[in-house]
file data.txt (compact mmCIF, C-alpha atoms)
# COMPACT_ATOMS: atom_id res chain seq x y z
CA MET Q 1364 119.71 84.73 60.51
CA ARG Q 1365 117.98 83.29 63.56
CA ARG Q 1366 118.87 86.41 65.57
CA GLY Q 1367 117.21 88.50 62.91
CA THR Q 1368 114.13 86.33 63.02
CA THR Q 1369 113.91 86.66 66.82
CA ARG Q 1370 114.33 90.41 66.60
CA GLY Q 1371 111.68 90.57 63.93
CA ALA Q 1372 109.29 88.58 66.13
CA SER Q 1373 109.93 90.96 69.06
CA VAL Q 1374 109.25 93.98 66.87
CA ALA Q 1375 106.05 92.34 65.62
CA ALA Q 1376 104.96 91.57 69.21
CA ALA Q 1377 105.61 95.17 70.26
CA ALA Q 1378 103.66 96.45 67.26
CA ILE Q 1379 100.75 94.16 68.10
CA LEU Q 1380 100.79 95.33 71.73
CA LEU Q 1381 100.82 98.99 70.74
CA ALA Q 1382 97.97 98.42 68.33
CA ALA Q 1383 96.00 96.49 70.97
CA ILE Q 1384 96.55 99.19 73.61
CA ALA Q 1385 95.37 101.78 71.12
CA PHE Q 1386 92.26 99.78 70.29
CA VAL Q 1387 91.19 98.81 73.83
CA ALA Q 1388 88.19 101.08 73.93
CA PRO Q 1389 88.02 103.45 76.91
CA PRO Q 1390 85.15 102.99 79.36
CA ALA Q 1391 81.89 104.71 78.47
CA PRO Q 1392 81.32 108.12 80.05
CA ALA Q 1393 79.43 108.05 83.36
CA ALA Q 1394 76.65 110.28 82.11
CA ASP Q 1395 76.09 112.63 79.23
CA SER Q 1396 74.70 115.31 81.49
CA ALA Q 1397 75.27 114.84 85.19
CA PRO Q 1398 72.47 116.19 87.39
CA PRO Q 1399 73.30 119.18 89.58
CA LEU Q 1400 75.08 118.25 92.79
CA LYS Q 1401 73.40 120.92 94.91
CA PRO Q 1402 70.30 118.86 95.87
CA MET Q 1403 72.62 116.22 97.38
CA MET Q 1404 74.16 118.75 99.77
CA GLY Q 1405 73.02 118.42 103.34
CA VAL Q 1406 73.27 116.52 106.58
CA TYR Q 1407 71.73 113.06 106.90
CA LEU Q 1408 71.16 110.78 109.89
CA GLY Q 1409 70.16 107.15 109.74
CA ARG Q 1410 70.86 103.48 110.32
CA ALA Q 1411 72.65 100.85 108.23
CA THR Q 1412 73.25 97.11 108.32
CA VAL Q 1413 76.75 95.76 107.67
CA THR Q 1414 76.96 92.21 106.27
CA ASP Q 1415 80.14 90.18 106.18
CA LEU Q 1416 79.55 87.83 103.24
CA ASP Q 1417 82.10 85.27 104.41
CA THR Q 1418 80.71 84.78 107.89
CA ARG Q 1419 77.14 86.01 107.18
CA GLU Q 1420 77.47 88.05 110.37
CA THR Q 1421 75.67 91.37 110.48
CA GLU Q 1422 75.94 94.44 112.64
CA GLU Q 1423 73.95 97.63 112.96
CA ARG Q 1424 75.43 101.09 112.86
CA ASP Q 1425 74.23 104.64 113.13
CA ILE Q 1426 75.32 106.77 110.22
CA ASP Q 1427 75.81 110.51 110.03
CA VAL Q 1428 76.63 111.87 106.57
CA GLU Q 1429 77.42 115.47 105.70
CA ILE Q 1430 77.85 116.59 102.08
CA THR Q 1431 79.02 120.16 101.62
CA PRO Q 1432 80.31 122.24 98.70
CA TYR Q 1433 84.05 122.53 98.10
CA ASP Q 1434 85.62 125.27 96.03
CA ARG Q 1435 83.51 126.08 92.96
CA ASP Q 1436 82.31 122.72 91.62
CA GLY Q 1437 83.63 120.19 94.10
CA PHE Q 1438 82.25 118.66 97.26
CA ARG Q 1439 83.36 117.40 100.63
CA ILE Q 1440 81.82 114.35 102.26
CA ARG Q 1441 82.19 113.58 105.94
CA TRP Q 1442 80.65 110.56 107.55
CA VAL Q 1443 80.54 109.23 111.07
CA ASN Q 1444 79.80 105.57 111.75
CA VAL Q 1445 78.80 104.41 115.21
CA THR Q 1446 78.81 100.62 115.46
CA LEU Q 1447 76.14 99.64 117.95
CA VAL Q 1448 76.17 96.98 120.64
CA ASP Q 1449 72.87 95.08 120.74
CA GLY Q 1450 71.28 98.03 118.97
CA ARG Q 1451 72.51 100.52 121.58
CA ARG Q 1452 75.16 103.22 121.53
CA ASN Q 1453 75.43 103.92 125.25
CA VAL Q 1454 77.07 100.67 126.32
CA PRO Q 1455 80.73 99.55 126.45
CA GLY Q 1456 82.05 98.19 123.15
CA VAL Q 1457 80.50 100.86 120.96
CA LYS Q 1458 82.84 102.09 118.18
CA ARG Q 1459 82.91 105.47 116.43
CA ARG Q 1460 84.76 106.18 113.20
CA VAL Q 1461 85.01 109.47 111.32
CA ASN Q 1462 86.02 109.80 107.64
CA GLU Q 1463 86.28 112.81 105.38
CA LEU Q 1464 87.10 113.10 101.69
CA THR Q 1465 87.18 116.07 99.34
CA PHE Q 1466 86.67 115.91 95.58
CA LYS Q 1467 87.08 118.30 92.70
CA PRO Q 1468 85.99 117.84 89.06
CA ALA Q 1469 88.47 116.03 86.79
CA LYS Q 1470 89.03 118.40 83.89
CA GLY Q 1471 86.83 117.43 80.94
CA ARG Q 1472 86.26 113.84 82.08
CA GLY Q 1473 82.88 113.89 83.79
CA PHE Q 1474 83.90 112.69 87.22
CA PHE Q 1475 85.56 113.92 90.39
CA VAL Q 1476 89.04 113.19 91.73
CA GLU Q 1477 90.13 113.29 95.34
CA VAL Q 1478 91.82 116.41 96.64
CA PRO Q 1479 94.66 115.11 98.82
CA GLN Q 1480 94.51 116.25 102.42
CA ARG Q 1481 97.35 118.59 103.29
CA ASN Q 1482 100.11 117.06 105.31
CA VAL Q 1483 103.15 119.17 106.08
CA PHE Q 1484 105.16 116.01 106.83
CA ALA Q 1485 104.38 114.28 103.54
CA GLU Q 1486 107.31 113.87 101.15
CA ARG Q 1487 105.18 113.55 98.05
CA GLU Q 1488 101.68 114.39 97.01
CA GLU Q 1489 101.45 112.37 93.82
CA VAL Q 1490 99.29 109.26 94.04
CA GLN Q 1491 101.42 106.11 93.60
CA ALA Q 1492 98.92 103.31 93.07
CA MET Q 1493 101.67 100.68 92.71
CA GLY Q 1494 103.12 101.90 95.99
CA GLY Q 1495 99.92 101.14 97.87
CA ASP Q 1496 98.38 104.62 97.82
CA PRO Q 1497 94.57 104.62 97.63
CA VAL Q 1498 93.15 105.99 94.39
CA ARG Q 1499 89.83 107.73 94.96
CA TRP Q 1500 87.30 109.22 92.60
CA ALA Q 1501 83.57 109.98 92.51
CA VAL Q 1502 80.81 109.97 89.94
CA HIS Q 1503 77.51 111.83 90.18
CA ASP Q 1504 74.78 110.58 87.86
CA ALA Q 1505 71.04 109.98 87.81
CA ALA Q 1506 71.49 106.97 90.12
CA GLY Q 1507 73.21 109.04 92.80
CA LEU Q 1508 76.60 109.99 94.14
CA HIS Q 1509 79.17 107.18 93.97
CA VAL Q 1510 82.51 107.40 95.75
CA TYR Q 1511 85.18 104.84 94.82
CA SER Q 1512 88.28 103.93 96.78
CA PHE Q 1513 90.75 101.64 95.03
CA LEU Q 1514 93.91 100.09 96.44
CA ILE Q 1515 96.56 97.63 95.23
CA GLN Q 1516 97.67 95.48 98.13
CA GLY Q 1517 101.29 94.44 98.62
CA ASP Q 1518 100.69 91.03 97.04
CA GLY Q 1519 99.11 92.57 93.91
CA ARG Q 1520 95.48 91.86 94.77
CA TYR Q 1521 93.16 94.82 94.53
CA GLU Q 1522 90.53 96.21 96.81
CA LEU Q 1523 87.66 98.33 95.50
CA GLN Q 1524 85.23 100.02 97.85
CA THR Q 1525 82.11 101.67 96.46
CA TYR Q 1526 79.88 104.02 98.43
CA SER Q 1527 76.66 104.84 96.56
CA ARG Q 1528 74.24 107.41 97.95
CA ARG Q 1529 70.93 107.84 96.18
CA ARG Q 1530 68.49 110.64 96.88
CA THR Q 1531 65.04 109.72 98.18
CA ALA Q 1532 62.00 111.81 99.06
CA THR Q 1533 63.16 112.13 102.67
CA GLY Q 1534 66.92 111.75 102.46
CA ILE Q 1535 69.32 109.20 100.99
CA ASP Q 1536 69.69 105.45 100.55
CA LEU Q 1537 73.18 104.10 101.11
CA HIS Q 1538 74.75 101.06 99.48
CA TYR Q 1539 78.36 100.06 100.05
CA GLU Q 1540 80.39 97.21 98.57
CA ARG Q 1541 83.90 96.01 99.32
CA VAL Q 1542 85.37 93.82 96.60
CA VAL Q 1543 88.75 92.12 97.10
CA ASP Q 1544 90.32 90.72 93.95
CA GLY Q 1545 86.96 90.26 92.25
CA ARG Q 1546 85.19 88.82 95.28
CA LEU Q 1547 82.43 90.70 97.10
CA VAL Q 1548 83.27 90.41 100.80
CA ARG Q 1549 81.18 93.07 102.55
CA THR Q 1550 78.06 95.12 101.95
CA ILE Q 1551 76.37 97.90 103.86
CA ASP Q 1552 72.78 98.97 103.19
CA GLY Q 1553 70.93 101.72 104.95
CA GLN Q 1554 68.72 104.75 104.87
CA ALA Q 1555 69.17 108.23 106.27
CA VAL Q 1556 66.85 111.21 106.53
CA ARG Q 1557 67.79 114.79 105.80
CA VAL Q 1558 68.25 116.80 108.96
CA GLU Q 1559 65.95 119.84 109.11
CA MET W 1057 75.29 82.83 96.61
CA ARG W 1058 75.19 82.41 92.85
CA GLY W 1059 78.34 84.49 92.49
CA LYS W 1060 80.09 82.29 95.06
CA ARG W 1061 79.10 79.13 93.15
CA ARG W 1062 80.44 80.61 89.90
CA TYR W 1063 83.70 81.37 91.65
CA LEU W 1064 83.88 77.83 92.96
CA VAL W 1065 83.28 76.40 89.48
CA SER W 1066 85.94 78.69 87.99
CA ALA W 1067 88.38 77.75 90.73
CA ILE W 1068 87.75 74.05 90.10
CA VAL W 1069 88.23 74.46 86.32
CA LEU W 1070 91.47 76.36 86.83
CA GLY W 1071 92.57 73.89 89.53
CA VAL W 1072 91.95 70.85 87.35
CA LEU W 1073 93.88 72.43 84.47
CA VAL W 1074 96.80 73.29 86.73
CA ALA W 1075 96.81 69.88 88.42
CA GLY W 1076 96.81 68.17 85.04
CA ALA W 1077 100.23 69.45 84.11
CA ALA W 1078 103.60 69.63 85.79
CA ALA W 1079 104.14 72.77 87.87
CA ALA W 1080 105.63 75.54 85.75
CA GLU W 1081 106.41 79.21 86.08
CA PRO W 1082 103.18 80.75 84.76
CA ILE W 1083 104.67 83.51 82.60
CA ALA W 1084 107.08 81.16 80.82
CA ALA W 1085 104.28 78.62 80.45
CA SER W 1086 101.96 81.29 78.99
CA LEU W 1087 104.30 82.53 76.26
CA GLY W 1088 102.88 82.21 72.77
CA ARG W 1089 99.50 82.42 71.10
CA TRP W 1090 96.33 80.87 72.46
CA ALA W 1091 92.74 80.74 71.26
CA GLY W 1092 89.44 79.13 72.08
CA PRO W 1093 85.72 79.67 72.59
CA ALA W 1094 84.52 81.70 75.58
CA ALA W 1095 82.18 79.88 77.92
CA GLY W 1096 79.46 82.17 79.15
CA SER W 1097 76.32 83.91 78.11
CA GLY W 1098 76.54 86.51 75.39
CA ALA W 1099 75.90 89.27 77.89
CA ALA W 1100 78.82 88.07 80.04
CA VAL W 1101 81.32 88.31 77.19
CA PRO W 1102 82.05 91.91 76.21
CA GLY W 1103 81.38 92.12 72.48
CA GLY W 1104 79.22 88.98 72.49
CA ALA W 1105 79.96 85.27 72.76
CA GLY W 1106 82.59 83.82 70.46
CA ARG W 1107 86.26 83.09 70.14
CA VAL W 1108 88.85 84.72 72.38
CA GLU W 1109 92.55 85.07 71.63
CA LEU W 1110 95.55 85.58 73.87
CA ARG W 1111 99.15 86.41 73.11
CA VAL W 1112 101.98 86.60 75.64
CA ASP W 1113 105.53 87.63 74.66
CA GLY W 1114 108.70 88.33 76.60
CA THR W 1115 110.31 86.82 79.66
CA ALA W 1116 109.37 86.04 83.25
CA GLU W 1117 110.82 89.47 84.18
CA ARG W 1118 109.21 91.59 81.49
CA PHE W 1119 106.35 90.61 79.24
CA THR W 1120 103.52 91.88 77.08
CA ILE W 1121 100.02 90.50 76.94
CA THR W 1122 97.16 91.10 74.53
CA PHE W 1123 93.74 89.56 75.07
CA SER W 1124 90.96 89.93 72.51
CA GLY W 1125 87.33 88.89 72.29
CA PRO W 1126 84.89 88.78 69.39
CA GLY W 1127 84.34 92.55 69.70
CA GLY W 1128 88.03 93.47 69.63
CA PRO W 1129 90.84 93.95 72.17
CA LEU W 1130 89.79 93.51 75.81
CA LEU W 1131 93.07 93.95 77.63
CA ALA W 1132 96.61 94.85 76.59
CA ALA W 1133 99.59 95.59 78.79
CA GLU W 1134 103.35 95.71 79.06
CA LEU W 1135 104.58 94.67 82.48
CA ALA W 1136 107.87 94.35 84.34
CA ALA W 1137 108.90 92.88 87.68
CA GLY W 1138 108.65 95.45 90.46
CA LYS W 1139 109.89 95.89 94.00
CA GLU W 1140 107.44 93.40 95.49
CA LYS W 1141 108.08 89.73 94.80
CA ASP W 1142 105.70 88.26 92.21
CA VAL W 1143 104.08 91.64 91.51
CA PHE W 1144 104.51 93.29 88.09
CA GLY W 1145 103.80 96.86 87.11
CA PRO W 1146 104.36 99.35 84.31
CA PRO W 1147 108.00 99.26 83.15
CA ALA W 1148 110.14 102.05 84.55
CA ALA W 1149 110.98 104.83 82.14
CA SER W 1150 114.56 105.37 81.20
CA GLY W 1151 116.66 108.49 81.63
CA LEU W 1152 116.13 111.25 84.15
CA MET W 1153 112.64 110.16 85.25
CA SER W 1154 113.97 106.69 86.04
CA TYR W 1155 116.89 108.20 87.98
CA LEU W 1156 114.42 110.24 90.01
CA GLY W 1157 112.48 107.08 90.75
CA ARG W 1158 109.29 108.41 89.22
CA GLY W 1159 109.34 106.74 85.85
CA SER W 1160 107.01 103.85 86.57
CA ALA W 1161 104.41 105.88 88.45
CA VAL W 1162 101.17 105.71 86.53
CA ASN W 1163 98.29 107.59 88.08
CA PRO W 1164 94.97 106.41 86.61
CA LEU W 1165 93.31 109.60 87.87
CA GLU W 1166 95.30 111.47 85.23
CA GLY W 1167 93.68 109.45 82.47
CA LYS W 1168 96.37 106.87 81.78
CA PRO W 1169 95.22 103.26 82.34
CA LEU W 1170 97.14 101.36 85.00
CA ALA W 1171 98.03 97.73 84.34
CA TRP W 1172 99.65 95.38 86.81
CA ALA W 1173 99.91 91.65 87.49
CA ARG W 1174 100.67 89.15 90.19
CA ARG W 1175 102.00 85.64 90.12
CA GLU W 1176 100.74 83.06 92.57
CA GLY W 1177 102.06 79.54 92.17
CA GLU W 1178 101.08 78.41 88.67
CA LEU W 1179 98.59 81.24 88.25
CA LEU W 1180 99.20 84.61 86.57
CA VAL W 1181 96.61 87.35 87.11
CA VAL W 1182 96.71 90.52 85.00
CA TYR W 1183 94.70 93.65 85.90
CA ARG W 1184 93.88 96.94 84.25
CA LEU W 1185 92.17 100.01 85.70
CA ASP W 1186 90.99 102.56 83.15
CA LEU W 1187 89.45 105.88 84.13
CA SER W 1188 90.10 107.60 80.84
CA GLY W 1189 86.54 107.59 79.54
CA GLY W 1190 84.89 109.42 82.42
CA ALA W 1191 83.95 106.35 84.44
CA HIS W 1192 86.00 103.43 85.60
CA ARG W 1193 86.56 100.02 84.11
CA LEU W 1194 88.46 97.41 86.09
CA ASP W 1195 89.53 94.19 84.33
CA ARG W 1196 90.91 91.03 85.91
CA LEU W 1197 92.30 88.23 83.74
CA ALA W 1198 93.50 85.03 85.44
CA LEU W 1199 95.65 82.67 83.40
CA ALA W 1200 96.27 79.06 84.37
CA PRO W 1201 98.58 77.52 81.74
CA ALA W 1202 98.79 73.74 81.72
CA GLY W 1203 100.88 72.38 78.87
CA ALA W 1204 99.07 72.86 75.59
CA ARG W 1205 95.96 74.21 77.29
CA MET W 1206 95.22 77.41 79.16
CA GLY W 1207 92.35 78.08 81.55
CA ILE W 1208 91.28 81.70 81.71
CA ASP W 1209 88.86 83.61 83.87
CA PHE W 1210 88.03 87.16 82.80
CA GLU W 1211 86.04 89.67 84.82
CA ARG W 1212 85.15 93.26 84.00
CA ARG W 1213 83.76 95.69 86.57
CA ALA W 1214 82.50 99.06 85.43
CA HIS W 1215 80.54 101.95 86.81
CA ASP W 1216 76.73 101.51 86.78
CA ARG W 1217 76.61 97.96 85.41
CA PRO W 1218 76.83 94.49 86.95
CA PRO W 1219 80.15 92.65 86.62
CA GLU W 1220 80.69 90.76 83.35
CA ARG W 1221 82.52 87.46 83.66
CA PHE W 1222 83.42 84.49 81.53
CA THR W 1223 85.80 81.54 81.52
CA ALA W 1224 87.46 79.72 78.64
CA THR W 1225 89.85 76.90 77.92
CA LEU W 1226 92.28 77.92 75.21
CA GLU W 1227 94.49 75.77 73.00
CA ARG W 1228 98.05 76.69 72.16
CA GLY W 1229 98.55 77.94 68.62
CA ALA W 1230 101.68 78.31 66.54
CA ARG W 1231 104.32 80.50 68.26

call {"tool": "encode", "arguments": {"input": "data.txt", "output": "structure tokens"}}
result
Amino acid sequence: MRRGTTRGASVAAAAILLAAIAFVAPPAPAADSAPPLKPMMGVYLGRATVTDLDTRETEERDIDVEITPYDRDGFRIRWVNVTLVDGRRNVPGVKRRVNELTFKPAKGRGFFVEVPQRNVFAEREEVQAMGGDPVRWAVHDAAGLHVYSFLIQGDGRYELQTYSRRRTATGIDLHYERVVDGRLVRTIDGQAVRVE
Amino acid sequence: MRGKRRYLVSAIVLGVLVAGAAAAEPIAASLGRWAGPAAGSGAAVPGGAGRVELRVDGTAERFTITFSGPGGPLLAAELAAGKEKDVFGPPAASGLMSYLGRGSAVNPLEGKPLAWARREGELLVVYRLDLSGGAHRLDRLALAPAGARMGIDFERRAHDRPPERFTATLERGAR
């Protein structure tokens, strides 16, 4: 009798969970009609300030951003960061970092998903978020082009990096946030002009 | 600065609740039904201020959780212990997919929400990333059970809006 009651409770719990999963509303679409991506395409050069919110330390960096078309409706973004030493880039200690990501539209879902870079040595191509693979996507709306990079760390905490680039009359404004397990730990703010 | 202070207050509330009760495994200590009023402004509570409800079923190895606010379900997940200690993920599928080691792989880019959790001392934190609607929504629910009371801290991050966050102290209901 008691076994039956326990089983009945488990079935009820499973039914409640299924119903709850079904009724957790999906997030609202990014935009009803995304603006065309073409005006964002170009090469931009500028300067940004990095702020570590734990230490309040800041550093200046030169930024070089290139947004180019990919395939039919996708885009590729390449950016070069040069971390300056006392505002200069021609002294020892200067650091240069290059990143490149490619995105294609997610079918019928109003955003872009990362196109994995080809690696002939890779065993698998499928993104395994629980295995520590970064999950990357992008949204283009009236506020700009937003690139997200999400990662689950080995201890289960998450890391979410957001790169937002907004068009201005002369180029783009850049805003970056790094959030670790709900806590904002780093920001980058800067401006860049379109290269003629 | 303000965000940091809110974090500190939440950490103190959760800490006091945890310190007030004997140390217990957080999943076992969370099992059952819980309810209470959300503390926060109306804008911080998705669906508006009001009563929140929590239900946790299962074992410390595999459990389900449903969390609802005044506007309806906020977070629901089924989770199982994974390869990493104290980290829980989607349960592995059975049959051939499980044999191939691919059963538990959930890729949120393909439109299926990904839920996972971690256990840290007396704290259980459940997460959910949903990209199904065309933009992302990332939820974080921290549970700090302490006897007949439960401290919770819920945060929702979504595209193009500031984070929503509220805390609550729930009372245990009938199992």

call {"tool": "residues_around", "arguments": {"input": "data.txt", "residues": "Leu1547 of chain Q", "least_positions_apart": "5", "cutoff": "10 Å", "atoms": "all atoms listed in the file", "output": "PyMOL selection string"}}
result
(chain Q and resi 1415-1417+1522-1524+1540-1542) or (chain W and resi 1059-1060)

call {"tool": "write_last_selection", "arguments": {"input": "data.txt", "atoms": "C-alpha atoms", "output": "short mmCIF file (atom, residue, chain, number, x, y, z; two decimals), keeping the file's coordinate frame"}}
result
data_model
loop_
_atom_site.label_atom_id
_atom_site.label_comp_id
_atom_site.auth_asym_id
_atom_site.auth_seq_id
_atom_site.Cartn_x
_atom_site.Cartn_y
_atom_site.Cartn_z
CA ASP Q 1415 80.14 90.18 106.18
CA LEU Q 1416 79.55 87.83 103.24
CA ASP Q 1417 82.10 85.27 104.41
CA GLU Q 1522 90.53 96.21 96.81
CA LEU Q 1523 87.66 98.33 95.50
CA GLN Q 1524 85.23 100.02 97.85
CA GLU Q 1540 80.39 97.21 98.57
CA ARG Q 1541 83.90 96.01 99.32
CA VAL Q 1542 85.37 93.82 96.60
CA GLY W 1059 78.34 84.49 92.49
CA LYS W 1060 80.09 82.29 95.06
#

call {"tool": "interface_residues", "arguments": {"input": "data.txt", "of": "chain W", "to": "chain Q", "cutoff": "6 Å", "atoms": "only C-alpha atoms", "output": "count of residues only"}}
result
10

call {"tool": "atom_distance", "arguments": {"input": "data.txt", "atom1": "atom CA of Arg1549 of chain Q", "atom2": "atom CA of Thr1531 of chain Q"}}
result
23.6 Å

call {"tool": "atom_distance", "arguments": {"input": "data.txt", "atom1": "atom CA of Pro1201 of chain W", "atom2": "atom CA of Glu1140 of chain W"}}
result
22.8 Å

call {"tool": "residues_near_point", "arguments": {"input": "data.txt", "point": "(98.9, 77.0, 79.7)", "cutoff": "10 Å", "atoms": "all atoms listed in the file", "output": "list in words"}}
result
Leu1073, Val1074, Ala1077, Ala1080, Pro1082, Ile1083, Ala1084, Ala1085, Ser1086, Leu1087, Gly1088, Trp1090, Glu1178, Leu1179, Leu1199, Ala1200, Pro1201, Ala1202, Gly1203, Ala1204, Arg1205, Met1206, Gly1207, Ile1208, Thr1225, Leu1226, Glu1227 and Arg1228 of chain W

call {"tool": "atom_distance", "arguments": {"input": "data.txt", "atom1": "atom CA of Tyr1407 of chain Q", "atom2": "atom CA of Lys1458 of chain Q"}}
result
19.3 Å

call {"tool": "residues_around", "arguments": {"input": "data.txt", "residues": "Val1181 of chain W", "least_positions_apart": "3", "cutoff": "7 Å", "atoms": "all atoms listed in the file", "output": "PDB file with C-alpha atoms, keeping the file's coordinate frame"}}
result
ATOM      1  CA  ALA W1173      99.910  91.650  87.490  1.00  0.00           C
ATOM      2  CA  ARG W1174     100.670  89.150  90.190  1.00  0.00           C
ATOM      3  CA  ARG W1175     102.000  85.640  90.120  1.00  0.00           C
ATOM      4  CA  ARG W1196      90.910  91.030  85.910  1.00  0.00           C
ATOM      5  CA  LEU W1197      92.300  88.230  83.740  1.00  0.00           C
ATOM      6  CA  ALA W1198      93.500  85.030  85.440  1.00  0.00           C
ATOM      7  CA  LEU W1199      95.650  82.670  83.400  1.00  0.00           C
TER       8      LEU W1199
END

call {"tool": "residues_near_point", "arguments": {"input": "data.txt", "point": "(68.7, 117.0, 105.2)", "cutoff": "7 Å", "atoms": "all atoms listed in the file", "output": "list in words"}}
result
Gly1405, Val1406, Tyr1407, Gly1534, Val1556, Arg1557, Val1558 and Glu1559 of chain Q

call {"tool": "closest_residue", "arguments": {"input": "data.txt", "among": "Q:Arg1424, Q:Arg1410, Q:Lys1401, Q:Arg1528", "to": "Val1448 of chain Q", "atoms": "all atoms listed in the file"}}
result
Q:Arg1424

call {"tool": "residues_around", "arguments": {"input": "data.txt", "residues": "Asn1444 of chain Q", "least_positions_apart": "5", "cutoff": "6 Å", "atoms": "only C-alpha atoms", "output": "PyMOL selection string"}}
result
chain Q and resi 1425-1426+1459-1460

call {"tool": "closest_residue", "arguments": {"input": "data.txt", "among": "W:Val1182, W:Ala1094, W:Ala1224, W:Val1101", "to": "Phe1119 of chain W", "atoms": "all atoms listed in the file"}}
result
W:Val1182

call {"tool": "closest_residue", "arguments": {"input": "data.txt", "among": "W:Gly1125, W:Pro1102, W:Gly1145, W:Glu1117", "to": "Ala1214 of chain W", "atoms": "all atoms listed in the file"}}
result
W:Pro1102

call {"tool": "closest_residue", "arguments": {"input": "data.txt", "among": "Q:Ser1512, Q:Leu1447, Q:Leu1408, Q:Glu1420", "to": "Tyr1539 of chain Q", "atoms": "only C-alpha atoms"}}
result
Q:Ser1512
